[in-house]
file final.txt (compact mmCIF, C-alpha atoms)
# COMPACT_ATOMS: atom_id res chain seq x y z
CA MET V 333 -95.68 129.85 -15.25
CA ILE V 334 -92.38 131.73 -15.29
CA TRP V 335 -94.02 135.03 -14.32
CA PHE V 336 -95.56 133.32 -11.32
CA GLN V 337 -92.22 132.13 -10.03
CA GLN V 338 -90.81 135.62 -10.29
CA MET V 339 -93.30 137.29 -8.01
CA HIS V 340 -93.03 136.72 -4.32
CA GLU V 341 -96.82 136.59 -3.93
CA PHE V 342 -96.54 133.08 -5.40
CA SER V 343 -94.27 131.81 -2.64
CA ILE V 344 -96.21 133.68 0.04
CA CYS V 345 -99.37 131.99 -1.21
CA GLN V 346 -97.62 128.61 -0.96
CA SER V 347 -96.76 129.49 2.62
CA VAL V 348 -100.38 130.42 3.38
CA LEU V 349 -101.64 127.14 1.93
CA GLU V 350 -99.14 125.12 3.96
CA GLN V 351 -100.32 126.83 7.14
CA VAL V 352 -103.96 126.33 6.14
CA GLU V 353 -103.40 122.61 5.46
CA GLN V 354 -101.85 122.14 8.92
CA ILE V 355 -104.61 124.00 10.75
CA THR V 356 -107.30 122.18 8.76
CA ARG V 357 -105.88 118.80 9.79
CA ARG V 358 -105.63 119.91 13.39
CA HIS V 359 -109.36 120.71 13.34
CA HIS V 360 -110.24 117.31 11.86
CA ALA V 361 -111.57 119.03 8.75
CA ARG V 362 -111.08 117.99 5.14
CA ARG V 363 -112.18 121.01 3.18
CA VAL V 364 -111.87 124.76 3.57
CA THR V 365 -114.56 127.12 2.31
CA ARG V 366 -112.96 130.47 3.09
CA ILE V 367 -109.54 131.83 4.00
CA VAL V 368 -109.43 135.35 5.42
CA LEU V 369 -106.15 137.28 5.30
CA SER V 370 -105.14 140.75 6.33
CA VAL V 371 -102.61 142.22 3.89
CA GLY V 372 -101.34 145.67 4.85
CA PRO V 373 -100.64 148.23 2.10
CA LEU V 374 -97.07 148.45 3.44
CA SER V 375 -96.50 144.69 3.57
CA GLY V 376 -95.02 144.63 0.08
CA VAL V 377 -97.59 142.07 -1.01
CA VAL V 378 -100.04 142.96 -3.77
CA ASP V 379 -103.51 141.58 -3.08
CA VAL V 380 -104.44 141.12 -6.78
CA LEU V 381 -101.28 139.09 -7.43
CA LEU V 382 -101.84 137.04 -4.29
CA GLN V 383 -105.36 136.25 -5.50
CA ARG V 384 -104.01 135.17 -8.89
CA ALA V 385 -101.40 132.95 -7.29
CA PHE V 386 -104.11 131.44 -5.10
CA ASP V 387 -106.27 130.63 -8.13
CA ALA V 388 -103.42 128.53 -9.50
CA LEU V 389 -102.15 126.99 -6.27
CA ARG V 390 -105.42 125.97 -4.60
CA LEU V 391 -105.98 123.16 -7.12
CA GLY V 392 -105.50 119.83 -5.38
CA SER V 393 -105.28 121.42 -1.93
CA VAL V 394 -107.81 121.43 0.94
CA ALA V 395 -108.73 124.91 -0.27
CA GLU V 396 -109.52 123.85 -3.84
CA THR V 397 -113.04 125.30 -3.68
CA ALA V 398 -112.35 127.97 -1.06
CA VAL V 399 -112.75 131.70 -1.38
CA LEU V 400 -109.72 133.85 -0.57
CA ASP V 401 -110.91 136.92 1.26
CA ILE V 402 -108.23 139.62 1.54
CA HIS V 403 -108.81 142.46 3.99
CA THR V 404 -106.81 145.65 3.62
CA PRO V 405 -106.19 147.29 7.00
CA ALA V 406 -105.78 151.04 7.22
CA VAL V 407 -102.33 152.53 7.67
CA ILE V 408 -102.37 154.00 11.19
CA VAL V 409 -99.55 155.80 12.97
CA ALA V 410 -99.15 156.76 16.62
CA CYS V 411 -97.50 160.08 17.40
CA PRO V 412 -95.08 160.25 20.35
CA SER V 413 -95.56 164.05 20.65
CA CYS V 414 -99.29 164.67 20.55
CA LYS V 415 -100.19 161.09 21.49
CA LYS V 416 -102.81 160.83 18.74
CA GLU V 417 -103.37 157.85 16.46
CA SER V 418 -104.21 158.77 12.88
CA ARG V 419 -105.10 157.12 9.64
CA VAL V 420 -102.60 158.20 6.97
CA PRO V 421 -101.78 157.53 3.28
CA THR V 422 -99.20 154.80 2.59
CA ASN V 423 -96.51 157.28 1.59
CA ARG V 424 -97.08 159.88 4.28
CA LEU V 425 -96.53 158.47 7.73
CA LEU V 426 -96.07 161.86 9.43
CA CYS V 427 -98.45 162.75 12.22
CA PRO V 428 -101.14 164.75 10.37
CA HIS V 429 -101.77 166.82 13.52
CA CYS V 430 -98.29 168.02 14.46
CA GLN V 431 -96.13 166.87 11.49
CA GLN V 432 -93.90 164.78 13.79
CA TRP V 433 -91.99 162.24 11.63
CA GLN V 434 -90.89 159.87 14.37
CA THR V 435 -94.24 158.12 14.43
CA THR V 436 -94.80 154.45 15.18
CA LEU V 437 -96.70 152.31 12.75
CA VAL V 438 -99.71 150.82 14.54
CA SER V 439 -101.14 149.04 11.54
CA GLY V 440 -100.48 148.78 7.82
CA ASP V 441 -97.57 146.39 7.31
CA GLU V 442 -99.17 143.22 8.61
CA LEU V 443 -99.42 139.95 6.73
CA VAL V 444 -101.76 137.89 8.83
CA LEU V 445 -103.96 134.82 8.57
CA LEU V 446 -107.19 135.89 10.29
CA ARG V 447 -109.67 133.06 9.88
CA ILE V 448 -110.30 129.76 8.15
CA GLU V 449 -113.81 128.45 7.56
CA PHE V 450 -114.34 124.73 7.12
CA ALA V 451 -116.92 122.64 5.30
CA PRO V 452 -118.55 119.91 7.41
CA ASN V 453 -117.11 116.50 6.56
CA THR V 454 -119.41 114.67 4.19
CA LEU V 455 -120.06 110.92 4.22
CA SER V 456 -117.47 110.42 1.53
CA ASP V 457 -114.98 112.42 3.60
CA ASN V 458 -115.69 110.17 6.55
CA GLY V 459 -115.50 107.04 4.42
CA HIS V 460 -112.09 108.21 3.30
CA SER V 461 -111.12 108.75 6.91
CA VAL V 462 -112.19 105.22 7.87
CA GLU V 463 -110.24 103.69 4.99
CA ASN V 464 -107.12 105.38 6.24
CA GLU V 465 -107.52 104.18 9.74
CA HIS V 466 -105.89 100.75 9.55
CA VAL V 467 -103.03 101.68 11.82
CA MET I 783 -96.94 113.61 15.80
CA CYS I 784 -99.54 111.35 14.29
CA ASN I 785 -98.15 109.89 11.08
CA THR I 786 -101.56 109.37 9.58
CA CYS I 787 -102.87 112.87 9.68
CA GLY I 788 -99.98 115.04 10.89
CA CYS I 789 -101.85 116.31 13.94
CA ASP I 790 -100.17 116.93 17.28
CA ALA I 791 -101.53 113.84 19.05
CA ASN I 792 -99.05 111.07 19.75
CA ASP I 793 -101.42 108.15 20.12
CA HIS I 794 -104.00 106.80 17.76
CA GLN I 795 -106.93 106.99 20.10
CA HIS I 796 -107.73 110.49 19.07
CA LYS I 797 -111.21 111.07 17.82
CA HIS I 798 -110.70 112.53 14.42
CA HIS I 799 -110.08 109.24 12.70
CA ALA I 800 -113.57 108.21 13.68
CA PRO I 801 -116.39 108.94 11.24
CA SER I 802 -118.13 110.96 13.92
CA ALA I 803 -115.34 113.55 14.20
CA SER I 804 -116.87 116.98 14.50
CA VAL I 805 -115.55 119.86 12.44
CA PRO I 806 -115.83 123.41 13.72
CA GLU I 807 -117.35 125.96 11.36
CA SER I 808 -114.28 128.10 11.47
CA SER I 809 -111.04 128.77 13.25
CA GLU I 810 -110.32 132.32 14.41
CA LEU I 811 -106.62 133.00 14.14
CA TYR I 812 -104.29 135.91 14.19
CA THR I 813 -101.22 134.19 12.88
CA ALA I 814 -98.43 135.90 11.01
CA ILE I 815 -98.00 134.40 7.58
CA LEU I 816 -94.55 132.89 7.46
CA GLN I 817 -92.33 134.42 4.83
CA PRO I 818 -91.09 131.66 2.55
CA ASP I 819 -87.45 132.53 3.10
CA GLU I 820 -87.58 133.12 6.83
CA ILE I 821 -85.95 129.85 7.81
CA VAL I 822 -83.11 130.11 5.32
CA ALA I 823 -82.51 133.76 6.27
CA ALA I 824 -82.29 132.73 9.92
CA ARG I 825 -79.73 130.04 9.00
CA ASN I 826 -77.66 132.63 7.14
CA ARG I 827 -77.89 135.04 10.08
CA GLN I 828 -76.69 132.31 12.41
CA GLN I 829 -73.67 131.63 10.19
CA PHE I 830 -72.82 135.33 10.08
CA GLU I 831 -73.07 135.61 13.86
CA HIS I 832 -71.01 132.49 14.38
CA HIS I 833 -68.21 133.78 12.16
CA ARG I 834 -68.55 137.37 13.36
CA VAL I 835 -69.31 138.94 10.02
CA LEU I 836 -71.24 142.19 9.61
CA VAL I 837 -73.51 141.86 6.60
CA VAL I 838 -74.70 144.98 4.80
CA ASN I 839 -77.36 144.73 2.12
CA LEU I 840 -77.08 147.53 -0.46
CA MET I 841 -80.27 148.34 -2.33
CA SER I 842 -81.11 151.01 -4.89
CA SER I 843 -82.08 151.67 -8.49
CA PRO I 844 -79.63 150.41 -11.10
CA GLY I 845 -76.80 152.87 -11.61
CA SER I 846 -77.04 154.77 -8.35
CA GLY I 847 -73.49 153.94 -7.28
CA LYS I 848 -73.62 150.75 -5.21
CA THR I 849 -70.52 149.21 -6.77
CA GLN I 850 -68.67 152.49 -6.59
CA LEU I 851 -69.55 152.78 -2.90
CA ILE I 852 -68.07 149.33 -2.26
CA GLU I 853 -64.93 150.19 -4.23
CA GLN I 854 -64.48 153.39 -2.29
CA THR I 855 -64.97 151.53 0.99
CA ILE I 856 -62.39 148.93 0.01
CA GLN I 857 -59.87 151.62 -0.90
CA THR I 858 -60.42 153.36 2.43
CA LEU I 859 -60.50 150.34 4.73
CA ASN I 860 -58.56 147.61 3.00
CA ASP I 861 -55.65 147.62 5.42
CA GLU I 862 -57.67 147.30 8.61
CA ILE I 863 -60.82 145.41 7.65
CA THR I 864 -61.33 142.37 5.45
CA ILE I 865 -64.19 142.91 3.05
CA ALA I 866 -65.94 140.45 0.77
CA VAL I 867 -68.77 141.02 -1.68
CA ILE I 868 -71.72 139.15 -3.12
CA GLU I 869 -72.89 140.77 -6.34
CA GLY I 870 -76.40 140.35 -7.67
CA ASP I 871 -77.32 141.14 -11.25
CA LEU I 872 -79.55 139.66 -13.90
CA ASP I 873 -76.53 138.99 -16.04
CA THR I 874 -72.76 139.55 -16.48
CA GLU I 875 -69.82 139.30 -14.08
CA ASN I 876 -68.97 142.95 -14.62
CA ASP I 877 -69.45 144.10 -11.04
CA ALA I 878 -67.60 141.14 -9.51
CA LEU I 879 -64.71 141.81 -11.89
CA ARG I 880 -64.65 145.46 -10.78
CA ILE I 881 -64.41 144.41 -7.13
CA ARG I 882 -61.80 141.68 -7.72
CA ARG I 883 -59.49 144.27 -9.29
CA HIS I 884 -59.06 145.60 -5.76
CA GLY I 885 -57.90 142.20 -4.53
CA VAL I 886 -61.18 141.52 -2.74
CA GLN I 887 -63.16 138.33 -3.07
CA ALA I 888 -66.41 138.86 -4.96
CA GLU I 889 -68.90 136.21 -5.99
CA GLN I 890 -71.42 137.07 -8.67
CA ILE I 891 -74.95 135.72 -8.51
CA THR I 892 -76.69 136.09 -11.85
CA THR I 893 -80.39 135.82 -11.30
CA GLY I 894 -81.43 135.37 -14.93
CA THR I 895 -84.74 137.20 -14.91
CA ALA I 896 -85.39 137.37 -11.17
CA CYS I 897 -85.54 140.91 -9.85
CA HIS I 898 -84.01 140.37 -6.39
CA LEU I 899 -81.68 138.17 -4.36
CA ASP I 900 -83.20 135.78 -1.85
CA ALA I 901 -81.83 133.99 1.20
CA ALA I 902 -81.47 130.68 -0.62
CA MET I 903 -79.26 132.26 -3.31
CA ILE I 904 -77.07 133.73 -0.57
CA GLU I 905 -76.87 130.39 1.25
CA THR I 906 -75.78 128.66 -1.95
CA VAL I 907 -72.88 131.04 -2.51
CA LEU I 908 -71.66 131.22 1.13
CA PRO I 909 -69.48 128.06 0.97
CA LYS I 910 -67.25 129.90 -1.52
CA PHE I 911 -66.21 132.27 1.27
CA SER I 912 -64.01 131.59 4.22
CA LEU I 913 -66.26 133.50 6.61
CA ASP I 914 -63.82 133.33 9.51
CA THR I 915 -61.46 135.66 7.70
CA ILE I 916 -64.12 138.22 6.71
CA ASP I 917 -65.15 141.24 8.78
CA ILE I 918 -67.71 142.88 6.53
CA LEU I 919 -69.69 141.23 3.76
CA PHE I 920 -71.50 143.49 1.34
CA ILE I 921 -74.43 142.11 -0.55
CA GLU I 922 -75.03 144.27 -3.59
CA ASN I 923 -78.63 143.51 -4.40
CA VAL I 924 -80.15 143.61 -7.88
CA GLY I 925 -80.81 147.22 -8.87
CA ASN I 926 -84.52 147.58 -8.16
CA LEU I 927 -86.48 149.74 -5.72
CA ILE I 928 -89.33 147.27 -5.26
CA CYS I 929 -88.81 143.56 -4.62
CA PRO I 930 -85.44 143.39 -2.80
CA ALA I 931 -87.07 145.12 0.20
CA CYS I 932 -89.33 142.12 0.74
CA PHE I 933 -86.63 139.48 1.08
CA ASP I 934 -84.70 138.91 4.26
CA LEU I 935 -81.25 137.59 3.39
CA GLY I 936 -79.91 137.35 6.93
CA GLN I 937 -78.30 140.80 6.80
CA ASP I 938 -77.60 143.10 9.73
CA ALA I 939 -78.39 146.36 7.98
CA ASN I 940 -80.02 147.72 4.86
CA VAL I 941 -78.41 150.68 3.17
CA VAL I 942 -80.59 152.31 0.52
CA LEU I 943 -78.95 154.60 -2.02
CA LEU I 944 -80.76 157.43 -3.76
CA SER I 945 -78.70 159.09 -6.47
CA VAL I 946 -79.22 162.72 -7.38
CA PRO I 947 -80.12 162.10 -11.07
CA GLU I 948 -83.05 159.90 -9.98
CA GLY I 949 -85.04 162.75 -8.43
CA ASP I 950 -85.80 163.66 -4.85
CA ASP I 951 -89.27 162.11 -4.58
CA LYS I 952 -88.21 158.46 -4.90
CA PRO I 953 -88.94 157.56 -1.24
CA GLU I 954 -92.61 158.52 -1.61
CA LYS I 955 -92.83 156.54 -4.86
CA TYR I 956 -91.27 153.41 -3.30
CA PRO I 957 -92.20 153.60 0.39
CA VAL I 958 -91.71 149.91 1.24
CA MET I 959 -88.07 149.96 0.16
CA PHE I 960 -87.16 153.21 1.88
CA ARG I 961 -88.93 152.32 5.13
CA ALA I 962 -86.63 149.28 5.33
CA ALA I 963 -83.48 151.46 5.30
CA ASP I 964 -81.11 151.61 8.27
CA LEU I 965 -79.24 154.34 6.41
CA MET I 966 -80.21 156.39 3.37
CA LEU I 967 -77.27 157.54 1.31
CA ILE I 968 -77.87 160.34 -1.17
CA THR I 969 -75.21 159.57 -3.76
CA LYS I 970 -73.75 161.43 -6.74
CA THR I 971 -74.14 164.78 -5.01
CA ASP I 972 -71.39 165.99 -7.37
CA TYR I 973 -74.25 166.19 -9.91
CA LEU I 974 -76.11 168.76 -7.81
CA PRO I 975 -74.80 171.76 -9.75
CA VAL I 976 -76.39 170.42 -12.94
CA ALA I 977 -79.35 168.53 -11.44
CA THR I 978 -80.92 171.73 -10.21
CA ALA I 979 -84.35 170.16 -9.67
CA PHE I 980 -82.96 167.94 -6.90
CA SER I 981 -83.11 169.19 -3.34
CA ILE I 982 -81.39 167.38 -0.49
CA HIS I 983 -83.98 168.86 1.85
CA ARG I 984 -86.89 167.50 -0.22
CA ALA I 985 -85.26 164.07 -0.53
CA THR I 986 -84.81 163.90 3.25
CA GLN I 987 -88.37 165.12 3.81
CA SER I 988 -89.65 162.51 1.34
CA PHE I 989 -87.79 159.84 3.33
CA ARG I 990 -89.27 161.12 6.62
CA ASN I 991 -92.74 161.21 5.04
CA VAL I 992 -92.70 157.48 4.40
CA GLY I 993 -91.61 156.69 7.94
CA GLY I 994 -87.86 156.62 7.30
CA ARG I 995 -86.27 157.20 10.70
CA ALA I 996 -82.72 156.24 9.77
CA PRO I 997 -79.87 158.73 9.33
CA VAL I 998 -79.42 160.39 5.94
CA GLN I 999 -75.95 160.97 4.53
CA GLU I 1000 -74.64 162.60 1.36
CA LEU I 1001 -71.91 161.16 -0.78
CA ALA I 1002 -69.91 162.35 -3.79
CA ALA I 1003 -67.57 159.40 -4.18
CA PRO I 1004 -65.35 160.80 -6.99
CA LEU I 1005 -64.74 163.95 -4.94
CA ASP I 1006 -64.22 161.95 -1.75
CA ARG I 1007 -66.97 164.01 -0.12
CA GLY I 1008 -69.05 162.28 2.53
CA VAL I 1009 -66.90 159.16 2.51
CA SER I 1010 -65.63 159.55 6.05
CA ALA I 1011 -69.18 159.88 7.46
CA TRP I 1012 -70.14 156.70 5.64
CA ILE I 1013 -67.08 154.86 6.94
CA ASP I 1014 -67.85 156.04 10.47
CA TRP I 1015 -71.40 154.68 10.18
CA LEU I 1016 -70.11 151.38 8.82
CA LEU I 1017 -67.44 150.93 11.49
CA SER I 1018 -69.85 151.83 14.23
CA ALA I 1019 -72.33 149.23 12.89
CA TYR I 1020 -69.47 146.74 12.90
CA ALA I 1021 -68.39 147.69 16.43
CA GLN I 1022 -71.97 147.52 17.67
CA LYS I 1023 -72.43 144.02 16.34
CA PHE I 1024 -69.06 142.90 17.59
CA THR I 1025 -69.67 144.28 21.07
CA ALA I 1026 -73.16 142.84 21.12
CA LEU I 1027 -71.80 139.44 20.16
CA SER I 1028 -69.33 139.58 23.02
CA THR I 1029 -72.11 140.12 25.57
CA PRO I 1030 -73.83 137.14 27.20
CA SER I 1031 -77.08 137.54 25.26
CA PRO I 1032 -76.12 137.07 21.63
CA SER I 1033 -79.66 136.24 20.58
CA GLU I 1034 -80.60 139.89 20.89
CA THR I 1035 -78.01 141.12 18.45
CA ALA I 1036 -79.68 140.48 15.13
CA ASP I 1037 -81.84 143.36 14.05
CA ALA I 1038 -85.33 142.35 13.15
CA PRO I 1039 -85.57 142.10 9.39
CA PRO I 1040 -87.93 144.46 7.62
CA LYS I 1041 -91.38 143.04 7.72
CA CYS I 1042 -93.02 142.82 4.38
call {"tool": "encode", "arguments": {"input": "final.txt", "output": "structure tokens"}}
result
Amino acid sequence: MIWFQQMHEFSICQSVLEQVEQITRRHHARRVTRIVLSVGPLSGVVDVLLQRAFDALRLGSVAETAVLDIHTPAVIVACPSCKKESRVPTNRLLCPHCQQWQTTLVSGDELVLLRIEFAPNTLSDNGHSVENEHV
Amino acid sequence: MCNTCGCDANDHQHKHHAPSASVPESSELYTAILQPDEIVAARNRQQFEHHRVLVVNLMSSPGSGKTQLIEQTIQTLNDEITIAVIEGDLDTENDALRIRRHGVQAEQITTGTACHLDAAMIETVLPKFSLDTIDILFIENVGNLICPACFDLGQDANVVLLSVPEGDDKPEKYPVMFRAADLMLITKTDYLPVATAFSIHRATQSFRNVGGRAPVQELAAPLDRGVSAWIDWLLSAYAQKFTALSTPSPSETADAPPKC
């Protein structure tokens, strides 16, 4: 497990799962079937490593049987000179039309939780809920 | 908060404890994923603001001249500004020893096998400093052009060094790191006569290509060339923070950390 602790995808995945657990509870759900993330190529997070971390960390969580769906948004810059928005490679953020370098990044460095899909609560889920209700 | 399920309700009449609770199929969100260290970094930043310390995070490949830059800065500023240093390396106290020879406090963090410093490591070592007496704290990160860029430590500025022997296309090879720079320092320019493949123009262009908008400076520390420009940048960063902290809206002073 040492290699896991060294990569920051491991701790980011822990963070994702904590947020997912909270949102799942808030929606009265018990199990998650799909988690959809948007991980920009400039976010510094590697999707393959995040997936691997998820495969280890989901065990015992509400997302134990969930699918982790990672979307990769395009890197898009806005040019202050020619006012165009363009899709560019990760290591070339110049405006491809006028070569202006003082562009603004519109998309490409995000690290966002987009959607969570829940399983309907089964009878056993509900039974569990009733057992816990002696407050 | 409900102690049973952790939801936001504060009474126990809410429906979801009942077997008939309905579960939506999905929840559409657009929520930023919290970085694990965000809270600790914010605590560090608060301490630095409270004690009026400018914190500069130095990042680069190993051997590009980070320690030498700090030594040179100490020699130039020691009489007017109190400097302290946190050194990050996988092993040895070598760099801390180098700094202490100048009479400056340096605390070494040895990370074992970890390739970067994180906010928690910084928080752990802060009690060893008397922050009230310090003007500028340098954090010399672990030599690595990849991971350190992704960890907010609570710093005010990132200075990324690119030394001439490394080659002028490093920014395009490591865009995340260089995009996070508030200043790019091209170091060891005294090697230019022998490192003929390196072009300052290409290095700067490579930095601009990856979205680097920060100033670019050149430094040949042994020849004392470029040192005064660096010192000017540093003092102006210090003055900016100090002035900003004296204004009524201190919450706006901390630069947003690089997002990654």
call {"tool": "interface_residues", "arguments": {"input": "final.txt", "of": "chain V", "to": "chain I", "cutoff": "7 Å", "atoms": "all atoms listed in the file", "output": "PyMOL selection string"}}
result
chain V and resi 338+343-344+347-348+357-361+374-376+423-426+433-434+441+443-453+458+461-462+465
call {"tool": "atom_distance", "arguments": {"input": "final.txt", "atom1": "atom CA of Cys345 of chain V", "atom2": "atom CA of Phe386 of chain V"}}
result
6.2 Å
call {"tool": "closest_residue", "arguments": {"input": "final.txt", "among": "V:Ala388, V:Gln431, V:Thr365, V:Val394", "to": "Gln351 of chain V", "atoms": "only C-alpha atoms"}}
result
V:Val394
call {"tool": "atom_distance", "arguments": {"input": "final.txt", "atom1": "atom CA of Val837 of chain I", "atom2": "atom CA of Asp873 of chain I"}}
result
23.0 Å
call {"tool": "closest_residue", "arguments": {"input": "final.txt", "among": "I:Ile863, I:Met903, I:Leu836, I:Ala962", "to": "Leu935 of chain I", "atoms": "only C-alpha atoms"}}
result
I:Met903
call {"tool": "residues_around", "arguments": {"input": "final.txt", "residues": "Gln383 of chain V", "least_positions_apart": "2", "cutoff": "9 Å", "atoms": "only C-alpha atoms", "output": "VMD selection string"}}
result
chain V and resid 341 345 378 to 381 385 to 388 400 to 402
call {"tool": "residues_around", "arguments": {"input": "final.txt", "residues": "segment 909-913 of chain I", "least_positions_apart": "5", "cutoff": "10 Å", "atoms": "all atoms listed in the file", "output": "JSON, numbers by chain"}}
result
{"I": [829, 830, 832, 833, 834, 835, 866, 867, 868, 887, 888, 889, 904, 918, 919]}
call {"tool": "closest_residue", "arguments": {"input": "final.txt", "among": "I:Lys1023, I:Lys970, I:Arg882, I:His983", "to": "Leu851 of chain I", "atoms": "only C-alpha atoms"}}
result
I:Lys970
call {"tool": "atom_distance", "arguments": {"input": "final.txt", "atom1": "atom CA of Ala939 of chain I", "atom2": "atom CA of Leu840 of chain I"}}
result
8.6 Å
call {"tool": "axis_aligned_box", "arguments": {"input": "final.txt", "around": "segment 870-876 of chain I", "padding_each_side": "5 Å", "output": "AutoDock Vina command-line options"}}
result
--center_x -74.3 --center_y 141.0 --center_z -12.1 --size_x 20.6 --size_y 14.0 --size_z 18.8
call {"tool": "residues_around", "arguments": {"input": "final.txt", "residues": "segment 843-849 of chain I", "least_positions_apart": "5", "cutoff": "7 Å", "atoms": "only C-alpha atoms", "output": "ChimeraX atom specification"}}
result
/I:877,922,925-927,943-945,969
call {"tool": "decode", "arguments": {"input": "final.txt", "residues": "segment 855-911 of chain I", "atoms": "C-alpha atoms", "output": "tab-separated table (two decimals), in the first residue's frame"}}
result
chain	number	residue	atom	x	y	z
I	855	THR	CA	19.27	36.13	-0.45
I	856	ILE	CA	20.38	35.78	3.15
I	857	GLN	CA	23.77	37.30	2.36
I	858	THR	CA	22.11	40.24	0.61
I	859	LEU	CA	19.28	40.93	3.05
I	860	ASN	CA	20.39	39.61	6.40
I	861	ASP	CA	20.77	43.00	8.04
I	862	GLU	CA	17.33	44.35	7.16
I	863	ILE	CA	15.06	41.31	6.92
I	864	THR	CA	14.75	38.26	9.14
I	865	ILE	CA	14.65	35.10	7.08
I	866	ALA	CA	13.86	31.55	8.11
I	867	VAL	CA	13.82	28.38	6.04
I	868	ILE	CA	11.99	25.08	5.91
I	869	GLU	CA	13.97	22.53	3.92
I	870	GLY	CA	12.34	19.54	2.28
I	871	ASP	CA	14.33	16.55	1.11
I	872	LEU	CA	13.90	12.81	1.07
I	873	ASP	CA	16.87	12.45	3.34
I	874	THR	CA	19.82	14.24	5.02
I	875	GLU	CA	20.11	17.54	6.89
I	876	ASN	CA	22.61	18.84	4.37
I	877	ASP	CA	20.59	21.80	3.14
I	878	ALA	CA	19.50	22.90	6.63
I	879	LEU	CA	23.14	22.77	7.72
I	880	ARG	CA	24.11	24.95	4.75
I	881	ILE	CA	21.52	27.56	5.74
I	882	ARG	CA	22.36	27.47	9.47
I	883	ARG	CA	25.97	28.34	8.65
I	884	HIS	CA	24.64	31.80	7.79
I	885	GLY	CA	23.11	32.15	11.24
I	886	VAL	CA	19.58	31.64	9.94
I	887	GLN	CA	17.09	29.23	11.45
I	888	ALA	CA	16.41	26.27	9.17
I	889	GLU	CA	14.28	23.25	9.95
I	890	GLN	CA	14.71	20.17	7.81
I	891	ILE	CA	11.74	17.99	6.91
I	892	THR	CA	12.87	14.62	5.63
I	893	THR	CA	10.02	13.05	3.75
I	894	GLY	CA	11.42	9.52	3.54
I	895	THR	CA	10.09	8.48	0.16
I	896	ALA	CA	7.42	11.13	-0.36
I	897	CYS	CA	8.07	13.33	-3.36
I	898	HIS	CA	6.66	16.64	-2.06
I	899	LEU	CA	5.92	18.65	1.07
I	900	ASP	CA	2.32	18.98	2.17
I	901	ALA	CA	0.49	21.44	4.42
I	902	ALA	CA	0.39	19.03	7.36
I	903	MET	CA	4.19	18.62	7.31
I	904	ILE	CA	4.55	22.41	7.34
I	905	GLU	CA	2.05	22.76	10.19
I	906	THR	CA	3.98	20.22	12.25
I	907	VAL	CA	7.25	22.10	11.94
I	908	LEU	CA	5.85	25.64	12.47
I	909	PRO	CA	5.94	25.52	16.31
I	910	LYS	CA	9.75	25.36	16.07
I	911	PHE	CA	9.73	28.93	14.70
